[in-house]
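The file work.cif comes next; it holds mmCIF, N, CA and C atoms.
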data_upload
loop_
_atom_site.label_atom_id
_atom_site.label_comp_id
_atom_site.auth_asym_id
_atom_site.auth_seq_id
_atom_site.Cartn_x
_atom_site.Cartn_y
_atom_site.Cartn_z
N MET A 225 41.90 110.44 70.60
CA MET A 225 42.71 111.50 71.14
C MET A 225 43.91 111.73 70.23
N GLN A 226 44.14 112.98 69.91
CA GLN A 226 45.23 113.34 69.02
C GLN A 226 46.54 113.44 69.81
N THR A 227 47.61 112.92 69.27
CA THR A 227 48.91 112.96 69.93
C THR A 227 49.64 114.22 69.49
N SER A 228 50.14 114.98 70.47
CA SER A 228 50.88 116.19 70.12
C SER A 228 52.27 115.83 69.64
N THR A 229 52.93 116.79 69.01
CA THR A 229 54.28 116.55 68.52
C THR A 229 55.24 116.30 69.68
N ALA A 230 54.99 116.90 70.85
CA ALA A 230 55.85 116.69 72.01
C ALA A 230 55.74 115.26 72.51
N GLU A 231 54.53 114.69 72.47
CA GLU A 231 54.33 113.32 72.93
C GLU A 231 54.96 112.31 71.99
N LYS A 232 55.12 112.67 70.75
CA LYS A 232 55.76 111.80 69.78
C LYS A 232 57.28 111.82 69.92
N GLY A 233 57.79 112.67 70.78
CA GLY A 233 59.23 112.78 70.96
C GLY A 233 59.86 113.82 70.06
N HIS A 234 59.04 114.61 69.38
CA HIS A 234 59.55 115.65 68.49
C HIS A 234 58.94 116.99 68.87
N PRO A 235 59.38 117.55 69.99
CA PRO A 235 58.78 118.83 70.41
C PRO A 235 59.11 119.94 69.41
N PHE A 236 58.15 120.77 69.16
CA PHE A 236 58.36 121.91 68.29
C PHE A 236 57.88 123.14 69.03
N LEU A 237 58.79 124.03 69.35
CA LEU A 237 58.46 125.26 70.04
C LEU A 237 58.53 126.42 69.08
N ARG A 238 57.66 127.40 69.30
CA ARG A 238 57.66 128.62 68.50
C ARG A 238 57.91 129.80 69.42
N GLU A 239 58.61 130.77 68.90
CA GLU A 239 58.90 131.98 69.67
C GLU A 239 57.66 132.84 69.73
N LEU A 240 57.19 133.09 70.94
CA LEU A 240 56.03 133.95 71.14
C LEU A 240 56.46 135.41 71.14
N THR A 241 57.53 135.69 71.86
CA THR A 241 58.05 137.05 71.92
C THR A 241 59.46 137.01 72.49
N ARG A 242 60.12 138.16 72.48
CA ARG A 242 61.43 138.30 73.12
C ARG A 242 61.50 139.69 73.74
N SER A 243 62.22 139.78 74.85
CA SER A 243 62.30 141.04 75.58
C SER A 243 63.43 141.00 76.59
N ASN A 244 63.86 142.18 77.01
CA ASN A 244 64.80 142.33 78.11
C ASN A 244 64.11 142.83 79.38
N ASP A 245 62.82 143.06 79.31
CA ASP A 245 62.05 143.57 80.44
C ASP A 245 61.64 142.41 81.35
N LEU A 246 62.37 142.25 82.44
CA LEU A 246 62.13 141.11 83.33
C LEU A 246 60.77 141.14 83.99
N VAL A 247 60.26 142.32 84.29
CA VAL A 247 58.94 142.43 84.91
C VAL A 247 57.86 141.98 83.92
N TRP A 248 57.95 142.47 82.69
CA TRP A 248 56.97 142.09 81.67
C TRP A 248 57.05 140.59 81.39
N LEU A 249 58.25 140.04 81.31
CA LEU A 249 58.41 138.61 81.06
C LEU A 249 57.81 137.78 82.20
N SER A 250 57.99 138.23 83.42
CA SER A 250 57.40 137.55 84.57
C SER A 250 55.88 137.58 84.48
N TRP A 251 55.34 138.74 84.14
CA TRP A 251 53.89 138.89 83.98
C TRP A 251 53.37 137.96 82.88
N LEU A 252 54.07 137.92 81.76
CA LEU A 252 53.64 137.10 80.63
C LEU A 252 53.67 135.62 80.97
N THR A 253 54.72 135.15 81.61
CA THR A 253 54.79 133.74 81.96
C THR A 253 53.70 133.37 82.97
N SER A 254 53.37 134.28 83.87
CA SER A 254 52.27 134.04 84.82
C SER A 254 50.93 133.99 84.09
N LEU A 255 50.73 134.90 83.15
CA LEU A 255 49.51 134.94 82.35
C LEU A 255 49.32 133.62 81.60
N LEU A 256 50.38 133.15 80.98
CA LEU A 256 50.32 131.90 80.23
C LEU A 256 50.06 130.72 81.16
N ALA A 257 50.73 130.70 82.30
CA ALA A 257 50.54 129.61 83.27
C ALA A 257 49.10 129.57 83.76
N ASP A 258 48.52 130.74 84.03
CA ASP A 258 47.12 130.81 84.49
C ASP A 258 46.16 130.25 83.44
N ALA A 259 46.54 130.39 82.16
CA ALA A 259 45.70 129.88 81.08
C ALA A 259 46.01 128.42 80.75
N GLY A 260 46.95 127.83 81.48
CA GLY A 260 47.30 126.43 81.25
C GLY A 260 48.21 126.22 80.05
N ILE A 261 48.94 127.26 79.66
CA ILE A 261 49.84 127.15 78.52
C ILE A 261 51.28 127.10 79.03
N PRO A 262 51.93 125.95 78.92
CA PRO A 262 53.32 125.88 79.36
C PRO A 262 54.22 126.69 78.44
N CYS A 263 55.19 127.36 79.02
CA CYS A 263 56.13 128.13 78.21
C CYS A 263 57.54 127.89 78.73
N HIS A 264 58.50 128.21 77.89
CA HIS A 264 59.90 128.04 78.22
C HIS A 264 60.63 129.34 77.92
N MET A 265 61.51 129.73 78.83
CA MET A 265 62.30 130.95 78.64
C MET A 265 63.68 130.53 78.15
N LEU A 266 64.05 131.00 76.99
CA LEU A 266 65.37 130.70 76.44
C LEU A 266 66.27 131.93 76.52
N ASP A 267 67.54 131.69 76.60
CA ASP A 267 68.59 132.71 76.62
C ASP A 267 68.70 133.47 77.93
N SER A 268 68.04 133.01 78.99
CA SER A 268 68.14 133.74 80.25
C SER A 268 69.55 133.66 80.83
N HIS A 269 70.21 132.52 80.69
CA HIS A 269 71.58 132.42 81.21
C HIS A 269 72.55 133.24 80.37
N MET A 270 72.37 133.25 79.08
CA MET A 270 73.25 134.06 78.21
C MET A 270 73.06 135.54 78.50
N SER A 271 71.84 135.93 78.77
CA SER A 271 71.56 137.33 79.06
C SER A 271 72.27 137.77 80.33
N VAL A 272 72.34 136.89 81.33
CA VAL A 272 73.03 137.20 82.57
C VAL A 272 74.53 137.26 82.34
N LEU A 273 75.05 136.33 81.56
CA LEU A 273 76.49 136.28 81.30
C LEU A 273 77.01 137.50 80.55
N GLU A 274 76.18 138.08 79.69
CA GLU A 274 76.66 139.21 78.90
C GLU A 274 76.67 140.51 79.70
N GLY A 275 76.29 140.47 80.95
CA GLY A 275 76.42 141.64 81.81
C GLY A 275 75.22 142.55 81.87
N SER A 276 74.08 142.07 81.44
CA SER A 276 72.84 142.83 81.50
C SER A 276 72.92 144.17 80.76
N ILE A 277 73.58 144.16 79.61
CA ILE A 277 73.61 145.36 78.78
C ILE A 277 72.53 145.32 77.71
N ALA A 278 71.63 144.38 77.84
CA ALA A 278 70.47 144.23 76.96
C ALA A 278 70.85 143.83 75.53
N ALA A 279 71.97 143.15 75.38
CA ALA A 279 72.39 142.71 74.05
C ALA A 279 71.68 141.43 73.63
N ILE A 280 71.30 140.60 74.60
CA ILE A 280 70.66 139.32 74.27
C ILE A 280 69.30 139.25 74.97
N PRO A 281 68.24 139.47 74.24
CA PRO A 281 66.91 139.39 74.86
C PRO A 281 66.53 137.95 75.18
N ARG A 282 65.72 137.78 76.18
CA ARG A 282 65.18 136.46 76.54
C ARG A 282 64.02 136.16 75.61
N ARG A 283 63.90 134.89 75.21
CA ARG A 283 62.82 134.48 74.30
C ARG A 283 61.82 133.62 75.06
N VAL A 284 60.55 133.89 74.84
CA VAL A 284 59.47 133.09 75.42
C VAL A 284 58.98 132.16 74.32
N MET A 285 59.09 130.85 74.59
CA MET A 285 58.72 129.84 73.62
C MET A 285 57.50 129.05 74.12
N VAL A 286 56.60 128.74 73.21
CA VAL A 286 55.45 127.90 73.53
C VAL A 286 55.35 126.80 72.48
N ALA A 287 54.65 125.72 72.83
CA ALA A 287 54.44 124.63 71.88
C ALA A 287 53.66 125.14 70.68
N ASP A 288 53.95 124.56 69.54
CA ASP A 288 53.30 124.97 68.30
C ASP A 288 51.78 124.93 68.42
N GLU A 289 51.26 123.90 69.08
CA GLU A 289 49.79 123.78 69.19
C GLU A 289 49.18 124.81 70.15
N ASP A 290 50.00 125.46 70.98
CA ASP A 290 49.51 126.50 71.90
C ASP A 290 49.77 127.91 71.38
N PHE A 291 50.48 128.02 70.27
CA PHE A 291 50.95 129.32 69.82
C PHE A 291 49.81 130.31 69.55
N ASP A 292 48.81 129.91 68.79
CA ASP A 292 47.72 130.84 68.44
C ASP A 292 46.97 131.32 69.68
N GLN A 293 46.68 130.41 70.58
CA GLN A 293 45.99 130.79 71.81
C GLN A 293 46.86 131.73 72.65
N ALA A 294 48.14 131.44 72.75
CA ALA A 294 49.04 132.28 73.52
C ALA A 294 49.16 133.67 72.91
N ARG A 295 49.23 133.75 71.59
CA ARG A 295 49.32 135.04 70.89
C ARG A 295 48.06 135.87 71.13
N ARG A 296 46.88 135.24 71.03
CA ARG A 296 45.62 135.96 71.28
C ARG A 296 45.53 136.43 72.72
N LEU A 297 45.93 135.59 73.64
CA LEU A 297 45.89 135.94 75.06
C LEU A 297 46.81 137.12 75.36
N MET A 298 48.02 137.07 74.82
CA MET A 298 48.98 138.15 75.03
C MET A 298 48.46 139.46 74.42
N ALA A 299 47.90 139.40 73.24
CA ALA A 299 47.39 140.60 72.57
C ALA A 299 46.21 141.19 73.33
N ALA A 300 45.29 140.34 73.80
CA ALA A 300 44.12 140.82 74.53
C ALA A 300 44.52 141.46 75.86
N ALA A 301 45.51 140.90 76.51
CA ALA A 301 45.95 141.43 77.81
C ALA A 301 46.68 142.75 77.67
N GLU A 302 47.27 142.99 76.50
CA GLU A 302 48.03 144.23 76.31
C GLU A 302 47.15 145.38 75.80
N GLU A 303 45.93 145.09 75.39
CA GLU A 303 45.05 146.15 74.90
C GLU A 303 44.65 147.05 76.05
N PRO A 304 44.70 148.38 75.83
CA PRO A 304 44.28 149.28 76.90
C PRO A 304 42.76 149.18 77.16
N ALA A 305 42.42 149.33 78.39
CA ALA A 305 40.99 149.30 78.76
C ALA A 305 40.30 150.51 78.16
N SER A 306 39.06 150.32 77.66
CA SER A 306 38.34 151.45 77.06
C SER A 306 37.46 152.15 78.05
#
Please express what this file holds, its structure, as structure tokens.
Amino acid sequence: MQTSTAEKGHPFLRELTRSNDLVWLSWLTSLLADAGIPCHMLDSHMSVLEGSIAAIPRRVMVADEDFDQARRLMAAAEEPAS
């Protein structure tokens, strides 16, 4: 069994996306959770403190080993139905 960087005590997160759209961010975090991909939202407190003028977008971060799967999942979900 391969040990992830997080298990070694050296977590490495990559930015999946950033946005000020709270509805879209909620949808994305639910999509990732349904796929079993843990994610972390950064800058949410700073975004609230700045008065919601959209100056500081929230960042969605995922583990490096989940990044490619999360990117593909997000891209596939955003494609319009044919």
Worksheet entry | Nearest residue to A:Gln293 from the set A:Thr241, A:Phe236, A:Val247, A:Ile261 (distances using only C-alpha atoms) |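 Answer, going by the shortest atom-to-atom distance: A:Ile261.
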Discussion item. Once the PyMOL selection byres (((chain A and resi 238 and name CA) around 8) and name CA) has been evaluated on this model, what residues remain selected, and can you format them as a list in words?
Written reply: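 In the shown coordinates, the PyMOL selection byres (((chain A and resi 238 and name CA) around 8) and name CA) covers Phe236, Leu237, Glu239, Leu240, Met285, Val286, Ala287, Asp288 and Phe291 of chain A.
Of the listed residues A:Asn244, A:Ala294, A:Arg282, A:Glu302, the one whose atoms come nearest to A:Leu256 is A:Ala294, with distances taken using all atoms listed in the file.
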Practice prompt. Name the residues in contact with A:Ser268 at a cut-off of 8 Å, using all atoms listed in the file, excluding same-chain residues fewer than 6 positions from it; report them as a ChimeraX atom specification.
Written response: /A:280-283
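Going from atom CA of A:Ala257 to atom CA of A:His269 covers 21.3 Å.
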Discussion item. Which residue is closest to A:Ser250? Choose from A:Ala279, A:Ala299, A:Met265, A:Met270 and count only C-alpha atoms.
Written reply: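 Of all the options, A:Met265 lies closest to A:Ser250.
For the choices A:Asp267, A:Glu289, A:Pro262, A:Val284, the atom-to-atom distance to A:Leu249 is smallest for A:Val284 when using only N, CA and C atoms.
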Item to complete: Please measure the separation of atom CA of A:Trp248 and atom CA of A:Ala301, giving the value in Å to one decimal.
Response: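 Here the two named atoms are 11.7 Å from each other.
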Edge lengths and centre in Å, axis-aligned, stretch 253-264 of chain A plus 5 Å each side, as AutoDock Vina command-line options:
--center_x 53.2 --center_y 130.5 --center_z 81.4 --size_x 24.9 --size_y 19.3 --size_z 16.9
Fill in: Atom pair atom CA of A:Asp290 / atom C of A:Leu255: separation (Å)
12.0 Å
